[in-house]
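To keep things clear, I will list the structure first and then write my remarks on it.
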Amino acid sequence: MSHERCAVIGIGQTKYSAKRGDVSMPGLLREAAQKALADAGLGWKDIDAVVIGKAPDMFEGVVQPELFLAGALGAVGKPMMRVHTAGSVGGSTAIVASHLVSSGVHKRVLTVAYEKQSESNAMWALSQRFPFQPPVAAGAGGYFAPIIRAYMRRTDAPDHIGMKVVVKDRTNALKNPLAHIHDPEISIEKVRATPMLWDPIRYGETCPSSDGACAMIFSSDGSEVANPAWVLSTAMRSEPMLFPGRDEVSPRAGRDCATSAYKDAGITPADIDCAEIYVPFSWYEPMWLENLHLFENGWRAVDEGKTELDGELPINMSGGVLSSNPIGASGMIRFAEAARQVRGTAEAHQVDGAKIAMGHAYGGGSQFFSMWIVGKERP
Amino acid sequence: MALRDVHIAGFAQLPNSHDLDDYDEAEMVQEITERALADAGLRREDVGFTCSGSNDYVMGRPFSFTMAIDGLGAWPPIRESHVEMDGAWAMYEAYVRLQHGDVDVALVYCFGKSSLGSVDKVHTYELDPYSLAPLQVDPHSLAAMQARMLLEQGLITEAELAHIACRARRDGNKNPNAPHSDEADADALLAQPYVREPLRAHDLPTRTDGAACIVLRVGGGGPRIRGIAHIMDQHQPGSRDLTDAVSARQALEAAGGADGVTVAELHAPYTTQVAVLKRAMGLDDEVAINPSGGAIPACTPMVAGLVRIGEAAMAVRHGAPAAIGHATSGSLLQHNLVCVLEAE
Amino acid sequence: MTTVELVSPFVLEYAYKRSTGPVIGRFLTALRAGRIEGVRTATGRVLCPPVEYDPETGEDIVDFVEVGPEGTVTTWTWVAEPEPGQPLSEPFAYALVKLDGADTAMLHALKCGKDALVTGMRVRAVFAAERSGMITDLAYFQPADLPAPELVPVPAEHPVTRFKAPVHAEYTVAAGATTAEFLRGILRKELNGRRCPSCDKIYIPPRGSCPLCGVRTSEVVPLAQKGTVTTFSIIRIPFEGQVLEPPYAAAHVLLDGADVPLLHIVGDCDVDDVRMGMRVEAVWVEDLQPTLASVRYFRPIDEPDATYESFKEHV
Ligand SMILES: [Zn+2]
């Protein structure tokens with residue numbers, strides 16, 4: 001895309017946990033937004049527009065929540081939008097907000113994605129028996145388990161790969177004070193001992209259900225801070241959920257999205273120093289490594305430790321979705337953590353010398369993809 | 001950076017009707033997108049970006065929009081996004097997307113069904129979940145409180161509201177995409193009982209089902225977008241001036257103003273809100289308000305706003321030098337979007 | 001267009017657990033005690049109901065201010081026939097009430113004879129006898145000149161931090177013409193797909209629009225009741241609203257002749273015996289209903305497993 005530039009100048013995240021019973025919904029969003037403003041050295045009045053994103057309204061039982069959240073985000077008298085693209089929403093919300101800047105329409109934009117899952121029960125919301133539909137719905141895990149099984153069959157991947165991903169991500173999470181899950185005793189044996197929920201997915205290989213919010217501030221010239229992250233490219237792709245011959249393991253929408261993101265950033269996958277990718281079930285790390293053209297054989301890369309924090313291509317340095325999952329925010333956290341890496345502000349989970357990083361999110365039946373590439377150097 | 005000129009190349013809507021039971025989401029979307037593309041003389045392959053608007057609570061299930069993309073022929077995979085808002089905001093996103101220079105055609109669509117359930121009930125859950133939603137304040141009650149302020153401050157009379165209703169019904173009955181309303185003169189309407197004092201049935205929206213699609217194109221002719229902008233106002237009805245719509249006025253200014261405008265399609269579900277918007281935007285009697293009948297005879301959730309823009313585009317196509325398409329979201333005109341269209 | 005006969009009620013309801021945070025929590029704690037508190041912004045405005053921020057600027061609020069319990073009605077409407085869930089079951093008014101000491105008006109119920117209602121009237125808050133820390137602890141307003149019922153004390157517990165917020169919406173769902181046609185077939189123990197006129201692929205359940213081509217489909221194609229398990233999962237987790245008892249096998253069943261798998265259940269065998277390539281057939285329930293659940297499950301049949309090569313395009 002040829003366009004004006006867009007820089008990430010502020011990032012704020014809440015502490016993620018199963019239940020943020022100490023805050024209201026506006027309080028949760030403000031916690032992230034105010035941290036992002038402070039990071040950028042800006043106040044509410046410096047913001048031109050606000051874009052929020054979250055998963056279905058049924059998770060909190062508030063319809064079109066941008067209406068009641070407007071005042072809490074300093075959006076009164078400004079444009080405000082609400083994006084909803086299923087699980088990829090955190091990523092696409094960031095993209096929609098960045099486009100308000102890169103199009104030249106606005107100078108500074110605040111974006112916030114959130115979920116307060118403790119207000120309800122995600123399994124309930126996802127498993128409602130709508131009339132005239134088949135009765136096998138069993139939440140996201142019930143949908144993805146057969147696809148994981150197909151990947152294992154297709155690639156002859158050994159059973160321990162998924163558990164190895166969990167151990168890596170949750171070890172990384174120990175370096176991230178905001179992560180929901182902090183388990184210093186995490187080990188393959190410990191994951192193996194957890195019950196099978198949706199065979200072949202063990203409890204220990206699934207993401208938690210979290211409360212939390214993530215915010216970013218975009219600017220057209222990045223001059224507000226010394227270390228902006230520059231948006232080198234954004235990409236979104238969608239495909240139908242079910243059609244003959246669909247590759248559900250490695251959907252073409254994901255492959256096309258990645259190809260487009262690399263091309264528009266003027267890079268090849270080899271130029272990427274680290275990536276935050278959307279892995280709600282452990283097996284999705286090797287699956288996406290292949291889908292995103294990062295490794296030809298995803299499970300071998302995992303097995304050989306190439307995706308560890310000190311590996312050839314660190315993946316999910318923050319602990320990933322497996323360690324924190326406020327659904328609607330999970331995609332934006334990936335994007336924000338990629339930006340933190342190139343800004344050099346990722347603290348204990350910083351990858352030394354990271355110059356180019358990738359953020360990735362997906363949703364629906366692996367149908368909706370959003371990605372961005374961010375860089376340390378101004379393009 | 002100068003913004004690229006974007007035109008409304010095509011528009012289509014399913015007739016706003018009391019029920020579209022026969023159609024599922026994908027079928028609605030398949031039909032309107034096919035018709036709007038035909039109207040624009042374009043094919044599915046020409047579309048570079050697709051954006052839609054819909055609401056899960058209106059449709060009764062989470063992720064209801066994901067079914068809709070089965071109507072698009074989204075193969076090979078497409079660039080696509082969705083807002084949980086009226087389609088007018090999806091059009092805003094698409095307009096911004098077209099500014100980047102890499103794609104020139106955008107497809108915008110939206111759908112909603114009132115017949116599935118109580119849209120009025122769903123609206124109560126968009127109110128503040130701490131102080132308002134537990135009180136289950138229905139939208140007609142909210143509109144009635146706004147109406148009383150207008151009446152008691154002498155900004156409108158009940159007779160004027162009845163005239164707005166008569167005209168909306170008459171114009172709606174000329175619009176093949178609006179359901180039939182019984183026509184009656186203003187005196188007969190005023191003899192009817194209040195539904196929510198001081199509002200009578202004729203002041204209230206007719207809830208309908210529908211779907212609409214607009215094709216945006218950089219260059220290529222057709223009504224040109226002078227500007228499109230939207231502004232949010234405060235949420236609590238007790239903390240803003242309900243007799244005005246400041247955010248609608250600000251959005252109009254940001255969209256390039258009303259110079260030369262002869263037609264305004266206003267997304268006002270209540271007669272009172274036609275009056276509020278007209279005054280807030282400074283539209284004089286030379287401007288034809290809602291020649292389609294507007295949102296009183298046909299109010300489809302998530303669709304009525306985009307339809308206003310589409311109707312404004314049709315007015316320009318048929319000779320108006322410039323026209324306003326307006327969309328609103330939330331209670332009592334909390335969030336307003338204005339698109340000003342002009343002939344080339 | 002065909003006439004639709006298949007219509008079903010559907011209720012979406014859940015009692016959400018709202019955590020209040022410190023500001024709303026303090027407001028609700030005060031209501032439970034029979035007092036009303038507003039908040040003051042940096043510009044000196046007093047907001048009631050309170051929020052954590054100045055809605056005009058986004059800045060944090062400064063402090064709390066006791067307001068009311070009397071106030072002035074700024075506008076109102078009459079609800080002659082209250083709906084379930086609204087604050088009063090007898091006819092009442094909704095009103096905006098600017099409480100004494102506040103700069104914004106609060107929306108609530110007003111219990112008052114209709115003839116006495118007038119904008120500008122003075123009203124007083126009446127608290128519910130039982131109060132749990134919700135906006136409805138303030139039961140309603142009433143004319144200020146009427147004697148106020150005595151405040152029933154409630155035990156002073158810890159501060160309010162959460163409350164239950166039920167959401168209840170009722171729907172009437174129509175199957176849609178394409179699905180209705182499919183479900184009428186089920187009542188005849190038929191599994192009918194639809195063929196796309198453009199790509200020739202056969203979908204089951206049928207699609208009115210081909211997801212690949214974006215064109216309408218119309219040709220109905222009867223399909224075999226036998227098929228192949230292409231992939232599956234064993235559901236071992238219980239969850240709210242679950243229809244089947246875990247463990248059970250949720251499988252992708254590719255019916256012979258179809259181009260997309262049907263998501264269904266494999267039964268009549270040990271869940272551990274379910275495998276990719278397994279051949280299965282539909283087992284119908286006795287009492288056929290217009291739902292895919294009329295196929296109770298698919299059960300194994302005595303045929304050799306399909307080879308992975310034969311169905312790998314479908315996984
Ligand atoms: Zn086809």
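Residue names in the structure tokens use chain letters A, B, ... in the order shown, residue numbers from 1 in each chain, and ligand numbers from 1 in the order shown.
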Find the residues of chain C that sit at most 6 Å from chain A; for each, write down the nearest two atoms and how far apart they are in Å, to one decimal. Count only C-alpha atoms. Sort by chain, then by number going up, and give it as a tab-separated table.
residue	atom	partner	partner_atom	distance
C:Tyr16	CA	A:Glu119	CA	5.3
C:Lys17	CA	A:Glu119	CA	4.6
C:Arg18	CA	A:Glu119	CA	5.7
C:Ser19	CA	A:Gly21	CA	5.3
C:Thr20	CA	A:Ser24	CA	4.6
C:Gly21	CA	A:Val23	CA	3.8
C:Tyr53	CA	A:Ala72	CA	6.0
C:Pro55	CA	A:Gly71	CA	3.9
C:Thr57	CA	A:Gly74	CA	5.4
C:Gly58	CA	A:Gly74	CA	4.0
C:Thr231	CA	A:Pro146	CA	5.3
C:Phe232	CA	A:Pro146	CA	4.5
C:Ser233	CA	A:Pro146	CA	5.0
C:Ile234	CA	A:Asp199	CA	4.8
C:Ile235	CA	A:Trp198	CA	4.6
C:Arg236	CA	A:Leu197	CA	4.8
C:Ile237	CA	A:Leu197	CA	5.0
C:Glu240	CA	A:Trp124	CA	5.6
C:Asp259	CA	A:Pro244	CA	5.2
C:Val260	CA	A:Pro244	CA	5.1
C:Thr291	CA	A:Phe132	CA	5.5
C:Leu292	CA	A:Pro134	CA	5.4
C:Glu313	CA	A:Gly245	CA	5.2
C:His314	CA	A:Gly245	CA	5.3
Write to file, as a tab-separated table (two decimals), in the first residue's frame, the residues of the selection just made, with C-alpha atoms.
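Done, and the output landed in selection_21.tsv:
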chain	number	residue	atom	x	y	z
C	16	TYR	CA	-24.20	-11.30	33.86
C	17	LYS	CA	-21.90	-10.62	36.78
C	18	ARG	CA	-21.02	-6.95	36.74
C	19	SER	CA	-18.00	-5.83	38.71
C	20	THR	CA	-18.44	-2.21	39.58
C	21	GLY	CA	-15.00	-0.75	40.18
C	53	TYR	CA	-14.45	10.10	34.33
C	55	PRO	CA	-17.52	12.42	29.94
C	57	THR	CA	-12.93	15.38	28.55
C	58	GLY	CA	-12.05	11.85	29.61
C	231	THR	CA	-11.76	-36.07	11.07
C	232	PHE	CA	-13.22	-35.83	14.56
C	233	SER	CA	-12.80	-34.80	18.15
C	234	ILE	CA	-13.82	-36.44	21.40
C	235	ILE	CA	-15.73	-33.95	23.50
C	236	ARG	CA	-14.88	-34.65	27.14
C	237	ILE	CA	-15.70	-31.31	28.67
C	240	GLU	CA	-23.41	-24.88	30.40
C	259	ASP	CA	-18.55	-32.27	-1.50
C	260	VAL	CA	-18.51	-30.91	2.06
C	291	THR	CA	-33.92	-30.71	12.83
C	292	LEU	CA	-30.67	-32.41	11.97
C	313	GLU	CA	-9.02	-33.27	0.04
C	314	HIS	CA	-11.70	-32.87	2.67
- Message: Can you work out which residues from chain C touch chain B at a cut-off of 6 Å (counting only C-alpha atoms) and hand them back as a ChimeraX atom specification?
- Response: /C:75-78,86-87,104-106,135,170-174,176-177,208-209,211-214
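Close contacts of Ile61 of chain C, defined as residues with an atom at most 8 Å away when counting only C-alpha atoms, with chain neighbours fewer than 4 positions off set aside, comprise Val39, Arg40, Thr41, Ala42, Val51, Glu52, Tyr53 and Asp54 of chain C.
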- Quick one: residues within 8 Å of segment 142-151 of chain C, only C-alpha atoms counted, chain neighbours fewer than 3 positions away excluded, as a PyMOL selection string? chain C and resi 34+70+110-112+121-127+129
Please, could you write that set of residues out with all heavy atoms as a CSV table (one decimal), in the first residue's frame?
chain,number,residue,atom,x,y,z
C,34,GLY,N,-29.2,4.0,51.4
C,34,GLY,CA,-30.3,4.9,51.4
C,34,GLY,C,-29.8,6.4,51.1
C,34,GLY,O,-30.5,7.3,51.4
C,70,GLU,N,-33.9,14.9,47.1
C,70,GLU,CA,-35.0,15.6,46.3
C,70,GLU,C,-34.4,16.1,45.0
C,70,GLU,O,-33.2,16.4,45.0
C,70,GLU,CB,-35.7,16.7,47.1
C,70,GLU,CG,-36.5,16.2,48.3
C,70,GLU,CD,-37.4,17.2,48.9
C,70,GLU,OE1,-37.6,18.3,48.3
C,70,GLU,OE2,-38.0,16.9,50.0
C,110,LEU,N,-40.8,7.2,38.0
C,110,LEU,CA,-41.5,8.1,38.9
C,110,LEU,C,-42.9,7.6,39.1
C,110,LEU,O,-43.6,7.4,38.2
C,110,LEU,CB,-41.5,9.5,38.2
C,110,LEU,CG,-42.4,10.6,38.8
C,110,LEU,CD1,-42.0,10.9,40.2
C,110,LEU,CD2,-42.2,11.9,37.9
C,111,LYS,N,-43.1,7.3,40.4
C,111,LYS,CA,-44.4,6.8,40.8
C,111,LYS,C,-45.3,8.0,41.2
C,111,LYS,O,-45.0,8.7,42.2
C,111,LYS,CB,-44.3,5.8,41.9
C,111,LYS,CG,-45.5,5.1,42.4
C,111,LYS,CD,-45.2,4.1,43.4
C,111,LYS,CE,-46.4,3.4,44.0
C,111,LYS,NZ,-46.0,2.4,45.0
C,112,CYS,N,-46.4,8.2,40.5
C,112,CYS,CA,-47.1,9.4,40.6
C,112,CYS,C,-48.5,9.3,39.9
C,112,CYS,O,-48.5,8.6,38.9
C,112,CYS,CB,-46.3,10.5,40.0
C,112,CYS,SG,-47.1,12.1,40.0
C,121,MET,N,-41.8,19.5,38.4
C,121,MET,CA,-42.3,19.1,39.7
C,121,MET,C,-41.1,18.6,40.6
C,121,MET,O,-40.1,18.2,40.1
C,121,MET,CB,-43.3,18.0,39.6
C,121,MET,CG,-42.8,16.7,39.2
C,121,MET,SD,-44.1,15.5,38.8
C,121,MET,CE,-44.7,15.1,40.4
C,122,ARG,N,-41.3,18.8,41.9
C,122,ARG,CA,-40.3,18.4,42.9
C,122,ARG,C,-40.6,16.9,43.2
C,122,ARG,O,-41.7,16.5,43.5
C,122,ARG,CB,-40.4,19.3,44.1
C,122,ARG,CG,-40.0,20.7,43.8
C,122,ARG,CD,-38.5,20.9,43.6
C,122,ARG,NE,-37.8,20.6,44.9
C,122,ARG,CZ,-36.5,20.3,44.9
C,122,ARG,NH1,-35.7,20.4,43.8
C,122,ARG,NH2,-35.9,20.1,46.1
C,123,VAL,N,-39.6,16.1,43.3
C,123,VAL,CA,-39.7,14.7,43.6
C,123,VAL,C,-38.6,14.3,44.6
C,123,VAL,O,-37.7,15.0,44.8
C,123,VAL,CB,-39.6,13.8,42.3
C,123,VAL,CG1,-40.8,14.1,41.4
C,123,VAL,CG2,-38.3,14.0,41.6
C,124,ARG,N,-38.9,13.1,45.2
C,124,ARG,CA,-38.0,12.6,46.2
C,124,ARG,C,-37.7,11.1,46.0
C,124,ARG,O,-38.6,10.4,45.5
C,124,ARG,CB,-38.6,12.8,47.6
C,124,ARG,CG,-38.0,12.0,48.7
C,124,ARG,CD,-39.0,11.9,49.9
C,124,ARG,NE,-39.1,13.3,50.5
C,124,ARG,CZ,-38.2,13.8,51.4
C,124,ARG,NH1,-37.2,13.1,51.8
C,124,ARG,NH2,-38.4,14.9,51.9
C,125,ALA,N,-36.5,10.7,46.2
C,125,ALA,CA,-36.1,9.3,46.0
C,125,ALA,C,-36.8,8.4,47.1
C,125,ALA,O,-36.8,8.8,48.3
C,125,ALA,CB,-34.6,9.2,46.1
C,126,VAL,N,-37.3,7.3,46.6
C,126,VAL,CA,-37.8,6.3,47.6
C,126,VAL,C,-37.0,5.0,47.4
C,126,VAL,O,-36.8,4.6,46.3
C,126,VAL,CB,-39.3,6.0,47.3
C,126,VAL,CG1,-39.8,4.9,48.2
C,126,VAL,CG2,-40.1,7.3,47.5
C,127,PHE,N,-36.5,4.5,48.5
C,127,PHE,CA,-35.6,3.4,48.4
C,127,PHE,C,-36.4,2.1,48.7
C,127,PHE,O,-37.3,2.0,49.4
C,127,PHE,CB,-34.5,3.5,49.5
C,127,PHE,CG,-33.5,4.6,49.1
C,127,PHE,CD1,-33.8,5.9,49.5
C,127,PHE,CD2,-32.4,4.4,48.3
C,127,PHE,CE1,-32.9,7.0,49.2
C,127,PHE,CE2,-31.6,5.4,47.9
C,127,PHE,CZ,-31.8,6.7,48.3
C,129,ALA,N,-37.3,-1.6,50.0
C,129,ALA,CA,-37.1,-2.1,51.4
C,129,ALA,C,-35.9,-3.1,51.4
C,129,ALA,O,-35.1,-3.1,52.4
C,129,ALA,CB,-38.4,-2.8,51.8
Counting only C-alpha atoms and all ligand atoms, give me one row per residue of chain C with an atom at most 9 Å from an atom of ligand 1, showing the shortest contact pair and its distance in Å to one decimal, sorted by chain then residue number, as a Markdown table.
| residue | atom | partner | partner_atom_place_in_ligand_line | distance |
| --- | --- | --- | --- | --- |
| C:Arg195 | CA | ligand 1 | 1 (Zn) | 7.9 |
| C:Cys196 | CA | ligand 1 | 1 (Zn) | 4.6 |
| C:Pro197 | CA | ligand 1 | 1 (Zn) | 6.5 |
| C:Ser198 | CA | ligand 1 | 1 (Zn) | 4.8 |
| C:Cys199 | CA | ligand 1 | 1 (Zn) | 4.0 |
| C:Asp200 | CA | ligand 1 | 1 (Zn) | 6.3 |
| C:Lys201 | CA | ligand 1 | 1 (Zn) | 6.1 |
| C:Ile202 | CA | ligand 1 | 1 (Zn) | 8.7 |
| C:Ser209 | CA | ligand 1 | 1 (Zn) | 8.0 |
| C:Cys210 | CA | ligand 1 | 1 (Zn) | 4.6 |
| C:Pro211 | CA | ligand 1 | 1 (Zn) | 6.6 |
| C:Leu212 | CA | ligand 1 | 1 (Zn) | 5.0 |
| C:Cys213 | CA | ligand 1 | 1 (Zn) | 4.3 |
| C:Gly214 | CA | ligand 1 | 1 (Zn) | 6.9 |
| C:Val215 | CA | ligand 1 | 1 (Zn) | 6.8 |
| C:Arg216 | CA | ligand 1 | 1 (Zn) | 8.6 |
| C:Thr217 | CA | ligand 1 | 1 (Zn) | 8.1 |
- Define the interface residues of chain A facing chain B as those within 6 Å, counting only C-alpha atoms, and report them as a list in words. Met1, His3, Pro56, Val62, Val63, Gln64, Phe68, Val76, Gly77, Lys78, Pro79, Arg82, Val83, His84, Thr85, Ser103, Gly104, Met236, Arg237, Ser238, Glu239, Pro240 and Ala253 of chain A
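Close contacts of Asp203 of chain B, defined as residues with an atom at most 9 Å away when counting only C-alpha atoms, with chain neighbours fewer than 4 positions off set aside, comprise B:Leu161, B:Ala162, B:Ile164, B:Ala165, B:Leu199, B:Pro269, B:Tyr270, B:Thr271, B:Thr272, B:Ile296.
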